[in-house]
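query-v5.pdb, holding PDB, C-alpha atoms and all ligand atoms:
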ATOM      1  CA  MET X   1      -1.246  35.789  24.014  1.00  0.00           C
ATOM      2  CA  GLU X   2      -3.685  33.457  25.743  1.00  0.00           C
ATOM      3  CA  LEU X   3      -1.753  30.348  26.741  1.00  0.00           C
ATOM      4  CA  GLY X   4      -4.611  28.295  28.144  1.00  0.00           C
ATOM      5  CA  ALA X   5      -4.622  26.057  25.103  1.00  0.00           C
ATOM      6  CA  VAL X   6      -0.865  25.513  25.385  1.00  0.00           C
ATOM      7  CA  ASN X   7      -1.134  24.328  28.967  1.00  0.00           C
ATOM      8  CA  GLY X   8      -4.010  22.063  27.957  1.00  0.00           C
ATOM      9  CA  ILE X   9      -1.943  20.533  25.138  1.00  0.00           C
ATOM     10  CA  ILE X  10       1.060  19.969  27.422  1.00  0.00           C
ATOM     11  CA  ASP X  11      -1.225  18.408  30.040  1.00  0.00           C
ATOM     12  CA  LYS X  12      -2.711  16.114  27.386  1.00  0.00           C
ATOM     13  CA  TYR X  13       0.773  14.621  26.910  1.00  0.00           C
ATOM     14  CA  GLN X  14       1.510  14.694  30.666  1.00  0.00           C
ATOM     15  CA  ALA X  15       4.342  17.153  30.006  1.00  0.00           C
ATOM     16  CA  LYS X  16       6.515  14.313  28.717  1.00  0.00           C
ATOM     17  CA  ILE X  17       9.587  15.334  26.781  1.00  0.00           C
ATOM     18  CA  THR X  18       9.154  12.206  24.620  1.00  0.00           C
ATOM     19  CA  SER X  19       5.916  13.757  23.334  1.00  0.00           C
ATOM     20  CA  LEU X  20       7.612  17.001  22.320  1.00  0.00           C
ATOM     21  CA  ILE X  21       6.922  16.636  18.579  1.00  0.00           C
ATOM     22  CA  SER X  22       3.235  15.853  19.187  1.00  0.00           C
ATOM     23  CA  ILE X  23       2.976  18.823  21.553  1.00  0.00           C
ATOM     24  CA  LEU X  24       4.515  21.148  18.958  1.00  0.00           C
ATOM     25  CA  HIS X  25       2.217  19.789  16.241  1.00  0.00           C
ATOM     26  CA  ASP X  26      -0.859  20.375  18.404  1.00  0.00           C
ATOM     27  CA  ILE X  27       0.268  23.917  19.260  1.00  0.00           C
ATOM     28  CA  GLN X  28       0.843  24.649  15.589  1.00  0.00           C
ATOM     29  CA  ASP X  29      -2.609  23.244  14.746  1.00  0.00           C
ATOM     30  CA  GLN X  30      -4.076  25.584  17.373  1.00  0.00           C
ATOM     31  CA  TYR X  31      -2.269  28.800  16.390  1.00  0.00           C
ATOM     32  CA  ASN X  32      -1.255  28.037  12.795  1.00  0.00           C
ATOM     33  CA  TYR X  33       2.393  28.514  13.838  1.00  0.00           C
ATOM     34  CA  LEU X  34       4.589  28.189  16.919  1.00  0.00           C
ATOM     35  CA  PRO X  35       4.355  31.453  18.870  1.00  0.00           C
ATOM     36  CA  GLU X  36       7.415  32.402  20.921  1.00  0.00           C
ATOM     37  CA  THR X  37       5.401  32.643  24.127  1.00  0.00           C
ATOM     38  CA  ALA X  38       4.111  29.115  23.565  1.00  0.00           C
ATOM     39  CA  LEU X  39       7.629  27.774  23.038  1.00  0.00           C
ATOM     40  CA  LYS X  40       8.777  29.451  26.243  1.00  0.00           C
ATOM     41  CA  LYS X  41       5.898  27.799  28.081  1.00  0.00           C
ATOM     42  CA  VAL X  42       6.763  24.382  26.608  1.00  0.00           C
ATOM     43  CA  ALA X  43      10.445  24.794  27.531  1.00  0.00           C
ATOM     44  CA  SER X  44       9.571  25.756  31.074  1.00  0.00           C
ATOM     45  CA  ARG X  45       7.009  23.018  31.646  1.00  0.00           C
ATOM     46  CA  LEU X  46       9.125  20.293  30.029  1.00  0.00           C
ATOM     47  CA  GLN X  47      12.214  21.649  31.809  1.00  0.00           C
ATOM     48  CA  MET X  48      14.044  21.997  28.524  1.00  0.00           C
ATOM     49  CA  ASP X  49      16.608  24.487  27.390  1.00  0.00           C
ATOM     50  CA  LEU X  50      14.823  27.022  25.145  1.00  0.00           C
ATOM     51  CA  ASN X  51      17.662  26.883  22.590  1.00  0.00           C
ATOM     52  CA  ASP X  52      17.293  23.101  22.322  1.00  0.00           C
ATOM     53  CA  LEU X  53      13.572  23.557  21.778  1.00  0.00           C
ATOM     54  CA  TYR X  54      14.193  26.096  19.017  1.00  0.00           C
ATOM     55  CA  GLY X  55      16.639  23.596  17.524  1.00  0.00           C
ATOM     56  CA  VAL X  56      13.836  21.037  17.242  1.00  0.00           C
ATOM     57  CA  ALA X  57      11.273  23.571  16.009  1.00  0.00           C
ATOM     58  CA  THR X  58      13.550  24.793  13.239  1.00  0.00           C
ATOM     59  CA  PHE X  59      14.804  21.324  12.241  1.00  0.00           C
ATOM     60  CA  TYR X  60      11.429  20.111  10.993  1.00  0.00           C
ATOM     61  CA  LYS X  61      10.106  21.829   7.898  1.00  0.00           C
ATOM     62  CA  SER X  62       6.534  21.253   9.005  1.00  0.00           C
ATOM     63  CA  PHE X  63       6.957  23.742  11.866  1.00  0.00           C
ATOM     64  CA  SER X  64       6.792  27.477  11.384  1.00  0.00           C
ATOM     65  CA  LEU X  65       7.945  30.180  13.783  1.00  0.00           C
ATOM     66  CA  VAL X  66       6.035  32.847  11.875  1.00  0.00           C
ATOM     67  CA  PRO X  67       2.277  33.023  11.292  1.00  0.00           C
ATOM     68  CA  LYS X  68       1.238  31.095   8.212  1.00  0.00           C
ATOM     69  CA  GLY X  69      -1.480  31.929   5.725  1.00  0.00           C
ATOM     70  CA  ARG X  70      -5.009  30.580   5.941  1.00  0.00           C
ATOM     71  CA  HIS X  71      -4.229  28.457   2.889  1.00  0.00           C
ATOM     72  CA  SER X  72      -1.046  26.518   2.338  1.00  0.00           C
ATOM     73  CA  ILE X  73       0.358  25.750  -1.084  1.00  0.00           C
ATOM     74  CA  THR X  74       3.198  23.262  -1.307  1.00  0.00           C
ATOM     75  CA  LEU X  75       4.981  22.574  -4.544  1.00  0.00           C
ATOM     76  CA  CYS X  76       7.312  19.675  -5.170  1.00  0.00           C
ATOM     77  CA  ARG X  77      10.675  20.442  -6.705  1.00  0.00           C
ATOM     78  CA  GLY X  78      11.944  16.867  -6.681  1.00  0.00           C
ATOM     79  CA  THR X  79      13.513  15.451  -9.828  1.00  0.00           C
ATOM     80  CA  ALA X  80      10.397  13.706 -11.171  1.00  0.00           C
ATOM     81  CA  CYS X  81       8.265  16.812 -10.766  1.00  0.00           C
ATOM     82  CA  HIS X  82      11.065  19.037 -12.024  1.00  0.00           C
ATOM     83  CA  VAL X  83      11.341  17.263 -15.386  1.00  0.00           C
ATOM     84  CA  GLN X  84       7.565  17.339 -15.825  1.00  0.00           C
ATOM     85  CA  GLY X  85       7.189  21.095 -15.493  1.00  0.00           C
ATOM     86  CA  GLY X  86       7.425  21.812 -11.765  1.00  0.00           C
ATOM     87  CA  PRO X  87       9.677  24.889 -12.164  1.00  0.00           C
ATOM     88  CA  LYS X  88       7.141  26.632 -14.429  1.00  0.00           C
ATOM     89  CA  ILE X  89       4.377  26.061 -11.842  1.00  0.00           C
ATOM     90  CA  LEU X  90       6.595  27.470  -9.090  1.00  0.00           C
ATOM     91  CA  ARG X  91       7.472  30.524 -11.187  1.00  0.00           C
ATOM     92  CA  GLU X  92       3.791  31.226 -11.886  1.00  0.00           C
ATOM     93  CA  MET X  93       2.762  30.731  -8.256  1.00  0.00           C
ATOM     94  CA  LYS X  94       5.478  33.119  -7.078  1.00  0.00           C
ATOM     95  CA  LYS X  95       4.218  35.670  -9.593  1.00  0.00           C
ATOM     96  CA  GLU X  96       0.536  35.104  -8.773  1.00  0.00           C
ATOM     97  CA  LEU X  97       1.040  35.403  -5.012  1.00  0.00           C
ATOM     98  CA  ALA X  98       3.948  37.861  -5.154  1.00  0.00           C
ATOM     99  CA  ILE X  99       5.882  35.876  -2.547  1.00  0.00           C
ATOM    100  CA  GLU X 100       8.848  33.524  -2.414  1.00  0.00           C
ATOM    101  CA  PRO X 101       8.764  29.995  -0.972  1.00  0.00           C
ATOM    102  CA  GLY X 102       8.681  30.167   2.824  1.00  0.00           C
ATOM    103  CA  GLN X 103       6.705  33.406   2.771  1.00  0.00           C
ATOM    104  CA  THR X 104       3.084  34.363   3.428  1.00  0.00           C
ATOM    105  CA  THR X 105       1.056  36.882   1.460  1.00  0.00           C
ATOM    106  CA  LYS X 106       0.477  40.271   3.128  1.00  0.00           C
ATOM    107  CA  ASP X 107      -3.242  39.511   3.536  1.00  0.00           C
ATOM    108  CA  LYS X 108      -2.259  36.247   5.314  1.00  0.00           C
ATOM    109  CA  ASN X 109      -4.329  34.310   2.804  1.00  0.00           C
ATOM    110  CA  PHE X 110      -1.597  32.063   1.330  1.00  0.00           C
ATOM    111  CA  SER X 111       1.685  30.535   2.371  1.00  0.00           C
ATOM    112  CA  LEU X 112       3.960  29.029  -0.244  1.00  0.00           C
ATOM    113  CA  GLU X 113       6.327  26.142   0.478  1.00  0.00           C
ATOM    114  CA  VAL X 114       8.521  23.885  -1.598  1.00  0.00           C
ATOM    115  CA  VAL X 115       9.624  20.362  -0.720  1.00  0.00           C
ATOM    116  CA  ASN X 116      12.056  18.023  -2.408  1.00  0.00           C
ATOM    117  CA  CYS X 117       9.674  15.092  -2.913  1.00  0.00           C
ATOM    118  CA  LEU X 118       6.135  14.394  -1.788  1.00  0.00           C
ATOM    119  CA  GLY X 119       6.507  10.677  -2.410  1.00  0.00           C
ATOM    120  CA  VAL X 120       3.997  10.480  -5.258  1.00  0.00           C
ATOM    121  CA  CYS X 121       6.399  11.016  -8.148  1.00  0.00           C
ATOM    122  CA  ALA X 122       4.305   8.984 -10.622  1.00  0.00           C
ATOM    123  CA  ILE X 123       1.637  11.699 -10.660  1.00  0.00           C
ATOM    124  CA  GLY X 124       4.056  14.623 -10.882  1.00  0.00           C
ATOM    125  CA  PRO X 125       4.202  17.501 -11.018  1.00  0.00           C
ATOM    126  CA  VAL X 126       2.469  17.607  -7.660  1.00  0.00           C
ATOM    127  CA  MET X 127       0.972  20.494  -5.720  1.00  0.00           C
ATOM    128  CA  VAL X 128      -0.677  20.263  -2.295  1.00  0.00           C
ATOM    129  CA  VAL X 129      -3.263  22.850  -1.312  1.00  0.00           C
ATOM    130  CA  ASP X 130      -4.581  22.780   2.238  1.00  0.00           C
ATOM    131  CA  GLY X 131      -3.547  19.143   2.525  1.00  0.00           C
ATOM    132  CA  LYS X 132      -5.223  18.062  -0.721  1.00  0.00           C
ATOM    133  CA  PHE X 133      -2.949  16.512  -3.362  1.00  0.00           C
ATOM    134  CA  TYR X 134      -3.210  17.613  -6.982  1.00  0.00           C
ATOM    135  CA  GLY X 135      -1.260  15.492  -9.470  1.00  0.00           C
ATOM    136  CA  GLU X 136      -0.317  15.989 -13.105  1.00  0.00           C
ATOM    137  CA  MET X 137      -0.385  19.712 -12.545  1.00  0.00           C
ATOM    138  CA  ASN X 138       0.492  22.462 -14.913  1.00  0.00           C
ATOM    139  CA  TRP X 139       0.701  26.182 -14.259  1.00  0.00           C
ATOM    140  CA  VAL X 140      -2.728  26.880 -15.786  1.00  0.00           C
ATOM    141  CA  LYS X 141      -4.476  24.385 -13.457  1.00  0.00           C
ATOM    142  CA  ALA X 142      -2.451  25.684 -10.500  1.00  0.00           C
ATOM    143  CA  LYS X 143      -3.498  29.280 -11.181  1.00  0.00           C
ATOM    144  CA  ARG X 144      -7.133  28.201 -11.488  1.00  0.00           C
ATOM    145  CA  ILE X 145      -7.044  26.542  -8.063  1.00  0.00           C
ATOM    146  CA  VAL X 146      -5.571  29.660  -6.452  1.00  0.00           C
ATOM    147  CA  GLU X 147      -8.039  31.957  -8.213  1.00  0.00           C
ATOM    148  CA  LYS X 148     -10.922  29.752  -7.058  1.00  0.00           C
ATOM    149  CA  ILE X 149      -9.792  30.145  -3.436  1.00  0.00           C
ATOM    150  CA  MET X 150      -9.359  33.902  -3.896  1.00  0.00           C
ATOM    151  CA  LYS X 151     -12.897  34.195  -5.283  1.00  0.00           C
ATOM    152  CA  LYS X 152     -14.330  32.299  -2.317  1.00  0.00           C
ATOM    153  CA  GLY X 153     -12.732  34.832   0.026  1.00  0.00           C
ATOM    154  CA  ASN X 154     -10.426  34.377   2.973  1.00  0.00           C
ATOM    155  CA  GLY X 155     -12.249  31.447   4.490  1.00  0.00           C
ATOM    156  CA  GLY X 156     -12.677  29.561   1.212  1.00  0.00           C
ATOM    157  CA  ARG X 157     -11.302  26.105   0.760  1.00  0.00           C
ATOM    158  CA  ALA X 158      -9.879  24.628  -2.415  1.00  0.00           C
TER     159      ALA X 158
HETATM  160  S1  LIG R   1       9.570  14.322  -7.108  1.00  0.00           S
HETATM  161 FE1  LIG R   1       7.658  15.253  -6.809  1.00  0.00          FE
HETATM  162  S2  LIG R   1       6.526  13.785  -5.715  1.00  0.00           S
HETATM  163 FE2  LIG R   1       8.472  12.913  -5.915  1.00  0.00          FE
END

Please re-express this file's structure in structure tokens.
Ligand code: FES
Amino acid sequence: MELGAVNGIIDKYQAKITSLISILHDIQDQYNYLPETALKKVASRLQMDLNDLYGVATFYKSFSLVPKGRHSITLCRGTACHVQGGPKILREMKKELAIEPGQTTKDKNFSLEVVNCLGVCAIGPVMVVDGKFYGEMNWVKAKRIVEKIMKKGNGGRA
């Protein structure tokens, strides 16, 4: 894997260990996940123990050690969303995409995640697609959004 971008990102933060989270976020933005070779490079340049670095990378849910899909779907399973129909949306999304939360479809088009609260309980149930929030969701609307992306092809946006 070409690591030029990784070195550039580390340089941008002057290889400071205090900027570790920002460095990891930038690397993930670049590659859509945290490649092992990139983490090794970060550990070596920041003079960190690789196990400690993996500890950080696996602690935060926003980081992924496996390639993610081109489109991310996040469903809230917090209490407010749960009582308003969240579980039905999750069931339908799992069926539609044929994956479980934390997984990516075989064609790398979608990744499915669940979180415990997105902080906008008043508009629950909530679904986030490619960073865009959709409130007062139901499984029919959720399926429509996914189908719209599928129709647009791999590069389509919601
Ligand atoms: S419980 Fe879903 S946004 Fe808070």

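Closest approach to Gly55 in chain X among X:Cys81, X:Val6, X:Leu75, X:Ile21 is made by X:Ile21 (distances from only C-alpha atoms).
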
Build an axis-aligned box that encloses every atom of ligand LIG 1 (chain R) listed in the file, pad it by 6 Å on each side, and report its centre and edge lengths in Å to one decimal, as lines of an AutoDock Vina configuration file.
center_x = 8.0
center_y = 14.1
center_z = -6.4
size_x = 15.0
size_y = 14.3
size_z = 13.4

Residues of chain X within 8 Å of ligand LIG 1 (chain R): nearest atom pair and distance (Å, one decimal) for each, counting all atoms listed in the file, sorted by chain and number, as CSV?
residue,atom,partner,partner_atom,distance
X:Cys76,CA,R:LIG1,FE1,4.7
X:Arg77,CA,R:LIG1,FE1,6.0
X:Gly78,CA,R:LIG1,S1,3.5
X:Thr79,CA,R:LIG1,S1,4.9
X:Ala80,CA,R:LIG1,S1,4.2
X:Cys81,CA,R:LIG1,FE1,4.3
X:His82,CA,R:LIG1,S1,7.0
X:Asn116,CA,R:LIG1,S1,6.5
X:Cys117,CA,R:LIG1,FE2,3.9
X:Leu118,CA,R:LIG1,S2,4.0
X:Gly119,CA,R:LIG1,S2,4.5
X:Val120,CA,R:LIG1,S2,4.2
X:Cys121,CA,R:LIG1,FE2,3.6
X:Ala122,CA,R:LIG1,S2,7.2
X:Ile123,CA,R:LIG1,S2,7.3
X:Gly124,CA,R:LIG1,FE1,5.5
X:Pro125,CA,R:LIG1,FE1,5.9
X:Val126,CA,R:LIG1,FE1,5.8

Atoms to include: C-alpha atoms. Write the selected residues as a PDB file, in the coordinates of the input.
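Written out: selection04.pdb:
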ATOM      1  CA  CYS X  76       7.312  19.675  -5.170  1.00  0.00           C
ATOM      2  CA  ARG X  77      10.675  20.442  -6.705  1.00  0.00           C
ATOM      3  CA  GLY X  78      11.944  16.867  -6.681  1.00  0.00           C
ATOM      4  CA  THR X  79      13.513  15.451  -9.828  1.00  0.00           C
ATOM      5  CA  ALA X  80      10.397  13.706 -11.171  1.00  0.00           C
ATOM      6  CA  CYS X  81       8.265  16.812 -10.766  1.00  0.00           C
ATOM      7  CA  HIS X  82      11.065  19.037 -12.024  1.00  0.00           C
ATOM      8  CA  ASN X 116      12.056  18.023  -2.408  1.00  0.00           C
ATOM      9  CA  CYS X 117       9.674  15.092  -2.913  1.00  0.00           C
ATOM     10  CA  LEU X 118       6.135  14.394  -1.788  1.00  0.00           C
ATOM     11  CA  GLY X 119       6.507  10.677  -2.410  1.00  0.00           C
ATOM     12  CA  VAL X 120       3.997  10.480  -5.258  1.00  0.00           C
ATOM     13  CA  CYS X 121       6.399  11.016  -8.148  1.00  0.00           C
ATOM     14  CA  ALA X 122       4.305   8.984 -10.622  1.00  0.00           C
ATOM     15  CA  ILE X 123       1.637  11.699 -10.660  1.00  0.00           C
ATOM     16  CA  GLY X 124       4.056  14.623 -10.882  1.00  0.00           C
ATOM     17  CA  PRO X 125       4.202  17.501 -11.018  1.00  0.00           C
ATOM     18  CA  VAL X 126       2.469  17.607  -7.660  1.00  0.00           C
TER      19      VAL X 126
END

Contact residues around Arg91 in chain X with only C-alpha atoms at 12 Å, ignoring same-chain residues under 3 positions, as a ChimeraX atom specification: /X:75,77,85-88,94-101,112,114,138-140,142-143

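Between CA of Gly69 in chain X and CA of Asp107 in chain X lies a distance of 8.1 Å.
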
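The coordinates place CA of Met48 in chain X at 17.2 Å from CA of His25 in chain X.
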
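Considering the residues X:Leu34, X:Ile9, X:Leu46, X:Met150 and counting all atoms listed in the file, Ser22 in chain X has its shortest atom-to-atom contact with X:Ile9.
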
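You will find CA of Thr104 in chain X at 18.2 Å from CA of Lys151 in chain X.
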
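Between Asp130 in chain X and the candidates X:Val83, X:His71, X:Ile145, X:Glu92, the tightest atom-to-atom separation, counting only C-alpha atoms, involves X:His71.
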
Hits of the PyMOL selection byres (((chain X and resi 132) around 10) and not hetatm) in this structure, as a ChimeraX atom specification: /X:72-74,127-131,133-135,158
